[in-house]
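To keep things clear, I will list the structure first and then write my remarks on it.
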Amino acid sequence: MDRSRLLKSVAVAWFLLTLGAIVYATRLALVDAPTDALQGNIFRIFFYHVPHSMLSLVWPYVNLAASAGFLFWRRRDPLRALTADAVAIASAEVTLVYATICLATGMLWGRVEWGIWWTWDYRLTSMLVLWLLFVSYLMLRALSSTGQTKTLAAVLSIFAGIDVPIVYMSIRWWRTQHPGPVFFSSDPDAGVDKSYYPAWIANIVAWAMWGLLLMAMRYALERRRQQREQDAALKAIEDSLEFTR
Amino acid sequence: MKLSWLFGPTMAQRHLLFAYLVVWGIQGGYAAWVAWQWWRTKPQGQ
Amino acid sequence: MNYGFHVWAHLKKDLRLEWRSRDSINGMLFFSLLIVVVFSLAFDPTAVESRHISGGIVWVALLFAATTALNQSWTRELKNHVLEAQRMSPAPPSALFLGKALSNFVFVTLVELVLAPLFIVFYNLHALGQARLLWVVMPLGTWALVCNGTFFAALGLRTRNRELLLPLILFPVSIPALLGMIEATTGILAGEFDPGLWIRLLIAYNLAFTTACLLLFETALSTE
């Protein structure tokens, strides 16, 4: 039981650290960072928006790796494959959470700065397609029949992984061909004033920590569900064998 | 730490506030759901 | 008994089965025709506009029509435990996939061949760009839809709500291909830009996903 107590303490410690990091980063974003000369205070949305966008491009790779791992271990080491599957579903849901926040905060900013809720610029469109891909992944998991879910979802994840770079390039070319408004005139990636760095970095770190925490929580939940499934399956087999002790 | 500038009638102020609330709402809501489900699912041994 | 023999055997089987009833083809044809009519009501384009939008309309119509036929192409394998027999036979599973994808490709192409003259009539179309390139774009686009469509239809085989699931998982993955085929067709019809970039995208997309489908089909087939 020592391992489980250790894990519990690590989890609680990580949780408190993360909360502290988020509070600190938020304070930097709302109070310490100077007000933008061009945009005013609405610029502060970026301190939440950009870290979420960046991270929502990282978690899909976790999902891809976990799905590939699942397919690899499926026949060779079924228990390890179950672990991989738990990581896959956890990272998929966390991706969806981060992508949703990216889209929502982007729209709230766009309405103020550009007067429009949405435009089909390449960044927004690519993010929307990523969002759609992960919704379709979760739908497949929900609708498929129980024995097949993990394998089918892993296969779809591989397809989505191949698709993501193609989506990005194709939408970029589309927007080069038919130029439309670029959503971020003050491109956050290029030439950001040094005084914003503390808030950026603090938020990136804080939300990355939070993402890892979420994935760990969801992973633990999935492991419990897998355990319950296995117990139920075992019980069904035992009942059908009519043991006499 | 005065945050009174955050609350006001302009769209910029409303949307900035909404944005932060939306982030906390979605992140907190998801975390709460996971925690609730985890607590509800009995561990090994039923 | 090489790979090509197996593919040809599966292809012949599907073509023969479909030709006997022609349900799929007739359904697809009429469905795409209806979509074209509904879009004309929705947009009522002039001749100039129609060149810009008919590329989009034809591919949307084909996308929806193909989706209705794709599920049905697999359900015939479920009858009489044919799929179990396929799994137990030593023939390579990807040959089954390729044969079925090719047969679906043939059927959708037949639908296109009938639809194209209708389109030209309804929208008073005449291509301002290189019309010959359409002979390249149409098959490339059709294969992109049919290849992934056949694969995802197989994924959903034992799913409840099978008809619902296919478009949900097919459309997001197909977005780059759809962009490619629509832009290429519009470029050819309107003559305003070079469709070459989009044709190259379609080729790359087809190569990547045909490979993925062939490699992963056995995994998809042998679940549970």
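Residues in the structure tokens are numbered from 1 in each chain, the chains being A, B, ... in the order shown, and ligands are numbered from 1 in the order shown.
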
Sorted by chain and rising residue number, list the residues of chain B at most 6 Å from chain A (counting only C-alpha atoms), each with its closest atom pair and distance in Å to one decimal, as CSV.
residue,atom,partner,partner_atom,distance
B:Ala12,CA,A:Ile42,CA,5.6
B:His15,CA,A:Leu108,CA,5.7
B:Leu16,CA,A:Ile42,CA,5.8
B:Ala19,CA,A:Thr105,CA,5.4
B:Trp38,CA,A:Leu221,CA,4.9
B:Pro43,CA,A:Arg224,CA,5.9

What does the file look like for those residues with N, CA and C atoms, as a PDB file, in the first residue's frame?
ATOM      1  N   ALA B  12     -15.181  45.230 -24.366  1.00  0.00           N
ATOM      2  CA  ALA B  12     -13.847  44.721 -24.045  1.00  0.00           C
ATOM      3  C   ALA B  12     -13.807  44.180 -22.626  1.00  0.00           C
ATOM      4  N   HIS B  15     -16.020  40.990 -22.361  1.00  0.00           N
ATOM      5  CA  HIS B  15     -15.441  39.809 -23.002  1.00  0.00           C
ATOM      6  C   HIS B  15     -14.211  39.312 -22.287  1.00  0.00           C
ATOM      7  N   LEU B  16     -13.422  40.227 -21.739  1.00  0.00           N
ATOM      8  CA  LEU B  16     -12.245  39.793 -20.991  1.00  0.00           C
ATOM      9  C   LEU B  16     -12.683  38.983 -19.779  1.00  0.00           C
ATOM     10  N   ALA B  19     -14.054  35.647 -20.867  1.00  0.00           N
ATOM     11  CA  ALA B  19     -13.007  34.730 -21.314  1.00  0.00           C
ATOM     12  C   ALA B  19     -12.396  34.020 -20.113  1.00  0.00           C
ATOM     13  N   TRP B  38     -14.643   9.460 -10.810  1.00  0.00           N
ATOM     14  CA  TRP B  38     -13.636   8.633 -10.151  1.00  0.00           C
ATOM     15  C   TRP B  38     -14.114   8.198  -8.779  1.00  0.00           C
ATOM     16  N   PRO B  43     -13.399   1.094  -6.537  1.00  0.00           N
ATOM     17  CA  PRO B  43     -12.113   0.516  -6.909  1.00  0.00           C
ATOM     18  C   PRO B  43     -12.160  -1.010  -6.892  1.00  0.00           C
TER      19      PRO B  43
END

Give me the residues of chain C that have any atom at most 8 Å from an atom of chain A; for each, the nearest atom pair and the distance in Å, rounded to one decimal. Use only C-alpha atoms, sort by chain and number, and format it as JSON lines.
{"residue": "C:Leu155", "atom": "CA", "partner": "A:Leu152", "partner_atom": "CA", "distance": 6.4}
{"residue": "C:Gly156", "atom": "CA", "partner": "A:Ser144", "partner_atom": "CA", "distance": 7.0}
{"residue": "C:Arg158", "atom": "CA", "partner": "A:Ser145", "partner_atom": "CA", "distance": 6.5}
{"residue": "C:Thr159", "atom": "CA", "partner": "A:Ser144", "partner_atom": "CA", "distance": 4.6}
{"residue": "C:Arg160", "atom": "CA", "partner": "A:Leu143", "partner_atom": "CA", "distance": 6.4}
{"residue": "C:Asn161", "atom": "CA", "partner": "A:Leu143", "partner_atom": "CA", "distance": 7.1}
{"residue": "C:Leu165", "atom": "CA", "partner": "A:Leu140", "partner_atom": "CA", "distance": 7.0}
{"residue": "C:Leu168", "atom": "CA", "partner": "A:Ser136", "partner_atom": "CA", "distance": 5.8}
{"residue": "C:Ile169", "atom": "CA", "partner": "A:Ser136", "partner_atom": "CA", "distance": 5.1}
{"residue": "C:Pro172", "atom": "CA", "partner": "A:Leu133", "partner_atom": "CA", "distance": 5.5}
{"residue": "C:Val173", "atom": "CA", "partner": "A:Asp163", "partner_atom": "CA", "distance": 6.3}
{"residue": "C:Ile175", "atom": "CA", "partner": "A:Val167", "partner_atom": "CA", "distance": 7.1}
{"residue": "C:Pro176", "atom": "CA", "partner": "A:Val167", "partner_atom": "CA", "distance": 5.2}
{"residue": "C:Leu179", "atom": "CA", "partner": "A:Ser170", "partner_atom": "CA", "distance": 7.4}
{"residue": "C:Gly180", "atom": "CA", "partner": "A:Ser170", "partner_atom": "CA", "distance": 7.5}
{"residue": "C:Leu201", "atom": "CA", "partner": "A:Ser170", "partner_atom": "CA", "distance": 7.4}
{"residue": "C:Tyr205", "atom": "CA", "partner": "A:Ile166", "partner_atom": "CA", "distance": 7.5}
{"residue": "C:Ala208", "atom": "CA", "partner": "A:Ile162", "partner_atom": "CA", "distance": 7.7}
{"residue": "C:Phe209", "atom": "CA", "partner": "A:Phe159", "partner_atom": "CA", "distance": 7.8}
{"residue": "C:Ala212", "atom": "CA", "partner": "A:Phe159", "partner_atom": "CA", "distance": 7.4}
{"residue": "C:Leu216", "atom": "CA", "partner": "A:Val155", "partner_atom": "CA", "distance": 7.2}
{"residue": "C:Thr219", "atom": "CA", "partner": "A:Thr151", "partner_atom": "CA", "distance": 7.7}
{"residue": "C:Ala220", "atom": "CA", "partner": "A:Leu152", "partner_atom": "CA", "distance": 6.4}
{"residue": "C:Thr223", "atom": "CA", "partner": "A:Gln148", "partner_atom": "CA", "distance": 5.5}
{"residue": "C:Glu224", "atom": "CA", "partner": "A:Gly147", "partner_atom": "CA", "distance": 5.1}

Serialized selection, N, CA and C atoms, as a PDB file, in the first residue's frame:
ATOM      1  N   LEU C 155     -15.000   0.024 -40.271  1.00  0.00           N
ATOM      2  CA  LEU C 155     -14.816   0.265 -38.841  1.00  0.00           C
ATOM      3  C   LEU C 155     -16.150   0.223 -38.110  1.00  0.00           C
ATOM      4  N   GLY C 156     -17.168   0.755 -38.752  1.00  0.00           N
ATOM      5  CA  GLY C 156     -18.447   0.891 -38.074  1.00  0.00           C
ATOM      6  C   GLY C 156     -19.339  -0.321 -38.207  1.00  0.00           C
ATOM      7  N   ARG C 158     -19.880  -3.247 -36.765  1.00  0.00           N
ATOM      8  CA  ARG C 158     -20.669  -3.841 -35.678  1.00  0.00           C
ATOM      9  C   ARG C 158     -21.129  -2.783 -34.682  1.00  0.00           C
ATOM     10  N   THR C 159     -21.209  -1.570 -35.163  1.00  0.00           N
ATOM     11  CA  THR C 159     -21.620  -0.474 -34.298  1.00  0.00           C
ATOM     12  C   THR C 159     -23.121  -0.331 -34.365  1.00  0.00           C
ATOM     13  N   ARG C 160     -23.718   0.025 -33.232  1.00  0.00           N
ATOM     14  CA  ARG C 160     -25.107   0.471 -33.328  1.00  0.00           C
ATOM     15  C   ARG C 160     -25.060   1.851 -33.979  1.00  0.00           C
ATOM     16  N   ASN C 161     -26.131   2.253 -34.641  1.00  0.00           N
ATOM     17  CA  ASN C 161     -26.104   3.555 -35.330  1.00  0.00           C
ATOM     18  C   ASN C 161     -25.015   3.629 -36.381  1.00  0.00           C
ATOM     19  N   LEU C 165     -22.691   6.904 -37.739  1.00  0.00           N
ATOM     20  CA  LEU C 165     -21.270   7.014 -37.416  1.00  0.00           C
ATOM     21  C   LEU C 165     -20.423   7.344 -38.634  1.00  0.00           C
ATOM     22  N   LEU C 168     -19.846  10.954 -39.426  1.00  0.00           N
ATOM     23  CA  LEU C 168     -19.209  11.639 -38.305  1.00  0.00           C
ATOM     24  C   LEU C 168     -17.707  11.421 -38.279  1.00  0.00           C
ATOM     25  N   ILE C 169     -17.260  10.208 -38.647  1.00  0.00           N
ATOM     26  CA  ILE C 169     -15.811  10.004 -38.618  1.00  0.00           C
ATOM     27  C   ILE C 169     -15.165  10.244 -39.983  1.00  0.00           C
ATOM     28  N   PRO C 172     -14.538  14.724 -41.021  1.00  0.00           N
ATOM     29  CA  PRO C 172     -13.393  15.507 -40.534  1.00  0.00           C
ATOM     30  C   PRO C 172     -12.076  15.088 -41.183  1.00  0.00           C
ATOM     31  N   VAL C 173     -11.868  13.748 -41.300  1.00  0.00           N
ATOM     32  CA  VAL C 173     -10.599  13.295 -41.873  1.00  0.00           C
ATOM     33  C   VAL C 173     -10.504  13.705 -43.344  1.00  0.00           C
ATOM     34  N   ILE C 175     -11.498  16.431 -44.776  1.00  0.00           N
ATOM     35  CA  ILE C 175     -11.523  17.866 -45.059  1.00  0.00           C
ATOM     36  C   ILE C 175     -10.423  18.344 -46.004  1.00  0.00           C
ATOM     37  N   PRO C 176      -9.167  17.944 -45.820  1.00  0.00           N
ATOM     38  CA  PRO C 176      -8.158  18.413 -46.790  1.00  0.00           C
ATOM     39  C   PRO C 176      -8.451  17.932 -48.207  1.00  0.00           C
ATOM     40  N   LEU C 179     -11.243  19.971 -49.628  1.00  0.00           N
ATOM     41  CA  LEU C 179     -10.725  21.275 -50.014  1.00  0.00           C
ATOM     42  C   LEU C 179     -10.015  21.167 -51.350  1.00  0.00           C
ATOM     43  N   GLY C 180      -9.173  20.128 -51.474  1.00  0.00           N
ATOM     44  CA  GLY C 180      -8.421  19.925 -52.703  1.00  0.00           C
ATOM     45  C   GLY C 180      -9.320  19.734 -53.906  1.00  0.00           C
ATOM     46  N   LEU C 201      -1.909  18.101 -53.960  1.00  0.00           N
ATOM     47  CA  LEU C 201      -2.402  17.768 -52.616  1.00  0.00           C
ATOM     48  C   LEU C 201      -3.228  16.498 -52.657  1.00  0.00           C
ATOM     49  N   TYR C 205      -2.479  13.155 -50.633  1.00  0.00           N
ATOM     50  CA  TYR C 205      -3.502  12.649 -49.713  1.00  0.00           C
ATOM     51  C   TYR C 205      -3.843  11.206 -50.047  1.00  0.00           C
ATOM     52  N   ALA C 208      -0.984   8.821 -49.105  1.00  0.00           N
ATOM     53  CA  ALA C 208      -0.872   8.626 -47.653  1.00  0.00           C
ATOM     54  C   ALA C 208      -1.992   7.749 -47.127  1.00  0.00           C
ATOM     55  N   PHE C 209      -3.220   8.053 -47.505  1.00  0.00           N
ATOM     56  CA  PHE C 209      -4.328   7.340 -46.889  1.00  0.00           C
ATOM     57  C   PHE C 209      -4.591   5.980 -47.484  1.00  0.00           C
ATOM     58  N   ALA C 212      -2.249   3.901 -45.568  1.00  0.00           N
ATOM     59  CA  ALA C 212      -2.729   3.688 -44.197  1.00  0.00           C
ATOM     60  C   ALA C 212      -3.867   2.674 -44.183  1.00  0.00           C
ATOM     61  N   LEU C 216      -3.682  -0.870 -42.231  1.00  0.00           N
ATOM     62  CA  LEU C 216      -4.444  -1.010 -40.993  1.00  0.00           C
ATOM     63  C   LEU C 216      -5.702  -1.847 -41.141  1.00  0.00           C
ATOM     64  N   THR C 219      -5.991  -4.985 -38.976  1.00  0.00           N
ATOM     65  CA  THR C 219      -6.276  -4.639 -37.582  1.00  0.00           C
ATOM     66  C   THR C 219      -7.753  -4.349 -37.388  1.00  0.00           C
ATOM     67  N   ALA C 220      -8.305  -3.555 -38.324  1.00  0.00           N
ATOM     68  CA  ALA C 220      -9.712  -3.168 -38.188  1.00  0.00           C
ATOM     69  C   ALA C 220     -10.625  -4.379 -38.319  1.00  0.00           C
ATOM     70  N   THR C 223     -10.737  -7.042 -35.027  1.00  0.00           N
ATOM     71  CA  THR C 223     -11.042  -6.604 -33.655  1.00  0.00           C
ATOM     72  C   THR C 223     -11.970  -7.600 -32.981  1.00  0.00           C
ATOM     73  N   GLU C 224     -11.968  -7.535 -31.690  1.00  0.00           N
ATOM     74  CA  GLU C 224     -12.707  -8.431 -30.767  1.00  0.00           C
ATOM     75  C   GLU C 224     -12.158  -9.796 -30.784  1.00  0.00           C
TER      76      GLU C 224
END

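Coordinates place atom CA of Ser126 of chain A at a distance of 21.5 Å from atom CA of Trp207 of chain A.
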